[in-house]
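work16.pdb, holding PDB, C-alpha atoms:
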ATOM      1  CA  MET A   1       0.000   0.000   0.000  1.00  0.00           C
ATOM      2  CA  LYS A   2       1.236   3.501  -0.749  1.00  0.00           C
ATOM      3  CA  ALA A   3       1.707   5.836   2.202  1.00  0.00           C
ATOM      4  CA  SER A   4      -0.547   8.375   0.484  1.00  0.00           C
ATOM      5  CA  ARG A   5      -3.451   5.919   0.867  1.00  0.00           C
ATOM      6  CA  VAL A   6      -3.111   5.659   4.662  1.00  0.00           C
ATOM      7  CA  ARG A   7      -5.771   7.768   6.372  1.00  0.00           C
ATOM      8  CA  ILE A   8      -4.706   9.837   9.383  1.00  0.00           C
ATOM      9  CA  LEU A   9      -7.563  10.371  11.822  1.00  0.00           C
ATOM     10  CA  LYS A  10      -7.973  11.935  15.250  1.00  0.00           C
ATOM     11  CA  ALA A  11      -7.785   9.342  18.027  1.00  0.00           C
ATOM     12  CA  LEU A  12     -11.053   8.566  19.727  1.00  0.00           C
ATOM     13  CA  ASP A  13     -11.836   9.780  23.216  1.00  0.00           C
ATOM     14  CA  PRO A  14     -11.696   7.284  26.100  1.00  0.00           C
ATOM     15  CA  GLY A  15     -14.822   5.142  26.143  1.00  0.00           C
ATOM     16  CA  GLU A  16     -15.372   5.332  22.379  1.00  0.00           C
ATOM     17  CA  SER A  17     -14.836   2.174  20.321  1.00  0.00           C
ATOM     18  CA  TYR A  18     -12.587   1.735  17.329  1.00  0.00           C
ATOM     19  CA  VAL A  19     -14.187  -0.175  14.453  1.00  0.00           C
ATOM     20  CA  GLU A  20     -11.193  -0.820  12.185  1.00  0.00           C
ATOM     21  CA  PRO A  21      -9.803  -4.344  12.553  1.00  0.00           C
ATOM     22  CA  ALA A  22      -6.224  -3.001  12.483  1.00  0.00           C
ATOM     23  CA  PHE A  23      -4.648   0.412  12.936  1.00  0.00           C
ATOM     24  CA  VAL A  24      -1.620   2.267  14.286  1.00  0.00           C
ATOM     25  CA  LEU A  25      -2.033   4.662  17.220  1.00  0.00           C
ATOM     26  CA  VAL A  26       0.363   7.566  17.786  1.00  0.00           C
ATOM     27  CA  GLU A  27       0.062   9.510  21.055  1.00  0.00           C
ATOM     28  CA  THR A  28       2.278  12.386  22.145  1.00  0.00           C
ATOM     29  CA  THR A  29       2.159  13.727  25.690  1.00  0.00           C
ATOM     30  CA  VAL A  30       4.083  16.301  27.688  1.00  0.00           C
ATOM     31  CA  GLY A  31       5.793  15.155  30.879  1.00  0.00           C
ATOM     32  CA  ASP A  32       6.160  17.087  34.118  1.00  0.00           C
ATOM     33  CA  ASP A  33       9.597  18.170  32.900  1.00  0.00           C
ATOM     34  CA  GLY A  34       8.049  19.768  29.794  1.00  0.00           C
ATOM     35  CA  GLU A  35       9.573  17.210  27.424  1.00  0.00           C
ATOM     36  CA  THR A  36       7.391  15.429  24.894  1.00  0.00           C
ATOM     37  CA  ALA A  37       7.158  11.647  24.768  1.00  0.00           C
ATOM     38  CA  THR A  38       5.510   9.685  21.997  1.00  0.00           C
ATOM     39  CA  THR A  39       4.079   6.178  22.063  1.00  0.00           C
ATOM     40  CA  ILE A  40       3.370   4.225  18.882  1.00  0.00           C
ATOM     41  CA  GLU A  41       1.208   1.095  18.988  1.00  0.00           C
ATOM     42  CA  HIS A  42      -0.003  -1.402  16.407  1.00  0.00           C
ATOM     43  CA  VAL A  43      -3.528  -2.487  17.333  1.00  0.00           C
ATOM     44  CA  ALA A  44      -5.374  -5.381  15.695  1.00  0.00           C
ATOM     45  CA  SER A  45      -8.463  -7.351  16.550  1.00  0.00           C
ATOM     46  CA  GLU A  46      -8.207 -11.118  16.664  1.00  0.00           C
ATOM     47  CA  LEU A  47     -10.644 -13.925  17.328  1.00  0.00           C
ATOM     48  CA  LYS A  48      -9.628 -15.888  20.421  1.00  0.00           C
ATOM     49  CA  ASN A  49     -11.851 -18.552  22.018  1.00  0.00           C
ATOM     50  CA  ASP A  50     -14.778 -17.331  19.907  1.00  0.00           C
ATOM     51  CA  LYS A  51     -14.361 -13.795  21.288  1.00  0.00           C
ATOM     52  CA  LEU A  52     -13.012 -10.750  19.518  1.00  0.00           C
ATOM     53  CA  ARG A  53     -10.009  -9.352  21.413  1.00  0.00           C
ATOM     54  CA  TRP A  54      -7.613  -6.463  20.811  1.00  0.00           C
ATOM     55  CA  HIS A  55      -3.973  -7.400  20.337  1.00  0.00           C
ATOM     56  CA  ILE A  56      -1.699  -4.430  21.068  1.00  0.00           C
ATOM     57  CA  VAL A  57       1.988  -4.317  20.205  1.00  0.00           C
ATOM     58  CA  THR A  58       3.941  -1.310  21.434  1.00  0.00           C
ATOM     59  CA  LEU A  59       6.341  -0.289  18.687  1.00  0.00           C
ATOM     60  CA  GLY A  60       7.850   2.620  20.596  1.00  0.00           C
ATOM     61  CA  GLN A  61       7.217   3.907  24.110  1.00  0.00           C
ATOM     62  CA  SER A  62       8.275   7.308  25.409  1.00  0.00           C
ATOM     63  CA  VAL A  63      10.424   7.901  22.357  1.00  0.00           C
ATOM     64  CA  SER A  64      11.831  11.382  21.965  1.00  0.00           C
ATOM     65  CA  LEU A  65      10.398  12.081  18.537  1.00  0.00           C
ATOM     66  CA  THR A  66       8.307  15.031  17.572  1.00  0.00           C
ATOM     67  CA  HIS A  67       4.695  14.152  16.958  1.00  0.00           C
ATOM     68  CA  ALA A  68       5.138  14.918  13.264  1.00  0.00           C
ATOM     69  CA  GLY A  69       8.188  12.653  13.062  1.00  0.00           C
ATOM     70  CA  ALA A  70       6.403   9.823  14.855  1.00  0.00           C
ATOM     71  CA  LEU A  71       3.366  10.247  12.633  1.00  0.00           C
ATOM     72  CA  GLU A  72       5.523  10.079   9.513  1.00  0.00           C
ATOM     73  CA  TRP A  73       7.170   6.896  10.793  1.00  0.00           C
ATOM     74  CA  ALA A  74       3.766   5.391  11.707  1.00  0.00           C
ATOM     75  CA  VAL A  75       2.324   6.090   8.253  1.00  0.00           C
ATOM     76  CA  SER A  76       5.323   4.411   6.636  1.00  0.00           C
ATOM     77  CA  PHE A  77       4.964   1.413   8.980  1.00  0.00           C
ATOM     78  CA  ALA A  78       1.216   1.178   8.304  1.00  0.00           C
ATOM     79  CA  ALA A  79       1.677   1.364   4.544  1.00  0.00           C
ATOM     80  CA  SER A  80       4.308  -1.375   4.586  1.00  0.00           C
ATOM     81  CA  ARG A  81       1.856  -3.691   6.365  1.00  0.00           C
ATOM     82  CA  ASP A  82      -1.329  -2.719   4.495  1.00  0.00           C
ATOM     83  CA  ILE A  83      -2.842  -1.043   7.549  1.00  0.00           C
ATOM     84  CA  PRO A  84      -5.194   1.624   6.200  1.00  0.00           C
ATOM     85  CA  VAL A  85      -5.579   3.876   9.266  1.00  0.00           C
ATOM     86  CA  VAL A  86      -3.321   5.776  11.666  1.00  0.00           C
ATOM     87  CA  TYR A  87      -5.012   7.413  14.639  1.00  0.00           C
ATOM     88  CA  GLN A  88      -3.234  10.258  16.367  1.00  0.00           C
ATOM     89  CA  ARG A  89      -3.502  12.283  19.576  1.00  0.00           C
ATOM     90  CA  ASP A  90      -1.119  15.164  20.194  1.00  0.00           C
ATOM     91  CA  ASP A  91      -1.417  16.560  23.708  1.00  0.00           C
ATOM     92  CA  SER A  92       1.731  18.620  23.174  1.00  0.00           C
ATOM     93  CA  ILE A  93      -0.096  21.135  20.962  1.00  0.00           C
ATOM     94  CA  GLY A  94      -0.191  24.414  22.777  1.00  0.00           C
ATOM     95  CA  ALA A  95       1.722  23.051  25.751  1.00  0.00           C
ATOM     96  CA  SER A  96       4.829  25.032  24.889  1.00  0.00           C
ATOM     97  CA  TYR A  97       2.721  28.157  24.646  1.00  0.00           C
ATOM     98  CA  ALA A  98       0.839  27.614  27.895  1.00  0.00           C
ATOM     99  CA  ALA A  99       3.772  28.750  30.038  1.00  0.00           C
ATOM    100  CA  ALA A 100       4.759  31.628  27.778  1.00  0.00           C
ATOM    101  CA  PRO A 101       1.960  34.061  28.745  1.00  0.00           C
ATOM    102  CA  LYS A 102       2.701  33.523  32.444  1.00  0.00           C
ATOM    103  CA  ALA A 103       6.380  34.217  31.872  1.00  0.00           C
ATOM    104  CA  ARG A 104       5.578  37.356  29.918  1.00  0.00           C
ATOM    105  CA  ALA A 105       3.053  38.473  32.497  1.00  0.00           C
ATOM    106  CA  SER A 106       5.513  38.051  35.359  1.00  0.00           C
ATOM    107  CA  THR A 107       8.218  39.853  33.375  1.00  0.00           C
ATOM    108  CA  ALA A 108       5.850  42.678  32.565  1.00  0.00           C
ATOM    109  CA  HIS A 109       4.721  42.810  36.185  1.00  0.00           C
ATOM    110  CA  SER A 110       8.255  42.932  37.565  1.00  0.00           C
ATOM    111  CA  SER A 111       9.240  45.584  35.037  1.00  0.00           C
ATOM    112  CA  ALA A 112       6.276  47.725  35.930  1.00  0.00           C
ATOM    113  CA  SER A 113       7.036  47.481  39.625  1.00  0.00           C
ATOM    114  CA  LYS A 114      10.598  48.772  39.202  1.00  0.00           C
TER
END
Written as structure tokens, how would this file's structure read?
Amino acid sequence: MKASRVRILKALDPGESYVEPAFVLVETTVGDDGETATTIEHVASELKNDKLRWHIVTLGQSVSLTHAGALEWAVSFAASRDIPVVYQRDDSIGASYAAAPKARASTAHSSASK
């Protein structure tokens, strides 16, 4: 499968159910230290004892890749294995900007008080 045919979709919220029988999940979070960490998982459903179960293989855990870099890698992986969907969640969006207004506000405040 060509990488251009792999669909990239927003990851579902907790409690929602995935319907694709196989997909790759890319999740990027921000740690307490402000560093991003990305986890990449290959998820596939399989029939076991007459029950449908999810089989999850972690391909990378807490890797120091940007979300874009991890997503690019995941799409390539998915295409090479005929997996049509990559789901993604990027909790790092805006995280680097969240502290910036506070820093500016405290700088402006301390400058005004001098």
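Picked out by the PyMOL selection byres ((chain A and resi 55) around 8) when it runs on this file: Val43, Ala44, Ser45, Glu46, Arg53, Trp54, Ile56 and Val57 of chain A.
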message = So, with all atoms listed in the file as the atoms that count, which of A:Ile40, A:Val6, A:Met1, A:Leu25 lies closest to Ser62 (chain A)?
response = A:Ile40
request  = Point out the residue among A:Gln88, A:Thr66, A:Ser76, A:Asn49 with the least atom-to-atom distance to Val30 (chain A), counting only C-alpha atoms.
outcome  =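 When distances to Val30 (chain A) are compared using only C-alpha atoms, the smallest one comes from A:Thr66.
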9 Å contact set for Leu65 (chain A), only C-alpha atoms, chain neighbours under 3 positions out, as an mmCIF file with C-alpha atoms, in the coordinates of the input:
data_model
loop_
_atom_site.group_PDB
_atom_site.id
_atom_site.type_symbol
_atom_site.label_atom_id
_atom_site.label_comp_id
_atom_site.auth_asym_id
_atom_site.auth_seq_id
_atom_site.Cartn_x
_atom_site.Cartn_y
_atom_site.Cartn_z
ATOM 1 C CA THR A 28 2.278 12.386 22.145
ATOM 2 C CA THR A 36 7.391 15.429 24.894
ATOM 3 C CA ALA A 37 7.158 11.647 24.768
ATOM 4 C CA THR A 38 5.510 9.685 21.997
ATOM 5 C CA SER A 62 8.275 7.308 25.409
ATOM 6 C CA ALA A 68 5.138 14.918 13.264
ATOM 7 C CA GLY A 69 8.188 12.653 13.062
ATOM 8 C CA ALA A 70 6.403 9.823 14.855
#
inquiry  = For a test of reading the model, state the distance in Å between CA of Arg5 (chain A) and CA of Phe77 (chain A), rounded to one decimal.
reply    =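 Computed distance, CA of Arg5 (chain A) to CA of Phe77 (chain A), equals 12.5 Å.
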query = Mind pulling up the distance from CA of Val63 (chain A) to CA of Ile8 (chain A)?
reply =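 The value is 20.0 Å.
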ask   = How many Å lie between CA of His42 (chain A) and CA of Asp91 (chain A), rounded to one decimal?
value =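 The value is 19.4 Å.
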Apply the PyMOL selection byres ((chain A and resi 80) around 12) to the displayed file and report the matching residues as a PDB file with C-alpha atoms, in the frame of the given file.
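See expr.pdb below for the written result:
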ATOM      1  CA  MET A   1       0.000   0.000   0.000  1.00  0.00           C
ATOM      2  CA  LYS A   2       1.236   3.501  -0.749  1.00  0.00           C
ATOM      3  CA  ALA A   3       1.707   5.836   2.202  1.00  0.00           C
ATOM      4  CA  SER A   4      -0.547   8.375   0.484  1.00  0.00           C
ATOM      5  CA  ARG A   5      -3.451   5.919   0.867  1.00  0.00           C
ATOM      6  CA  VAL A   6      -3.111   5.659   4.662  1.00  0.00           C
ATOM      7  CA  VAL A  24      -1.620   2.267  14.286  1.00  0.00           C
ATOM      8  CA  TRP A  73       7.170   6.896  10.793  1.00  0.00           C
ATOM      9  CA  ALA A  74       3.766   5.391  11.707  1.00  0.00           C
ATOM     10  CA  VAL A  75       2.324   6.090   8.253  1.00  0.00           C
ATOM     11  CA  SER A  76       5.323   4.411   6.636  1.00  0.00           C
ATOM     12  CA  PHE A  77       4.964   1.413   8.980  1.00  0.00           C
ATOM     13  CA  ALA A  78       1.216   1.178   8.304  1.00  0.00           C
ATOM     14  CA  ALA A  79       1.677   1.364   4.544  1.00  0.00           C
ATOM     15  CA  ARG A  81       1.856  -3.691   6.365  1.00  0.00           C
ATOM     16  CA  ASP A  82      -1.329  -2.719   4.495  1.00  0.00           C
ATOM     17  CA  ILE A  83      -2.842  -1.043   7.549  1.00  0.00           C
ATOM     18  CA  PRO A  84      -5.194   1.624   6.200  1.00  0.00           C
TER      19      PRO A  84
END
Centre and edges of the region 57-61 of chain A box, axis-aligned, 4 Å extra per side, as AutoDock Vina command-line options:
--center_x 4.9 --center_y -0.2 --center_z 21.4 --size_x 13.9 --size_y 16.2 --size_z 13.4
task = Considering all atoms listed in the file, return as a PyMOL selection string whatever protein or nucleic-acid residues lie within 12 Å of Asp13 (chain A), sequence-local ones (same chain, fewer than 2 positions apart) excluded.
result = chain A and resi 10-11+15-18+87-89
Pull C-alpha atoms from the residues just selected and write them as a short mmCIF file (atom, residue, chain, number, x, y, z; two decimals), in the coordinates of the input.
data_model
loop_
_atom_site.label_atom_id
_atom_site.label_comp_id
_atom_site.auth_asym_id
_atom_site.auth_seq_id
_atom_site.Cartn_x
_atom_site.Cartn_y
_atom_site.Cartn_z
CA LYS A 10 -7.97 11.94 15.25
CA ALA A 11 -7.78 9.34 18.03
CA GLY A 15 -14.82 5.14 26.14
CA GLU A 16 -15.37 5.33 22.38
CA SER A 17 -14.84 2.17 20.32
CA TYR A 18 -12.59 1.74 17.33
CA TYR A 87 -5.01 7.41 14.64
CA GLN A 88 -3.23 10.26 16.37
CA ARG A 89 -3.50 12.28 19.58
#
query = Out of A:Ala22, A:Gly60, A:Arg7, A:Lys51, which residue has the shortest atom-to-atom distance to Thr39 (chain A) when counting all atoms listed in the file?
reply =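 Using all atoms listed in the file, the shortest distance to Thr39 (chain A) belongs to A:Gly60.
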remark   = Of A:Leu71, A:Glu41, A:Leu52, A:Glu35, the one nearest to Phe23 (chain A) when counting all atoms listed in the file is A:Glu41
remark   = Across A:Asp32, A:Glu72, A:Val26, A:Leu47, the smallest distance to Leu12 (chain A), with all atoms listed in the file counted, is shown by A:Val26
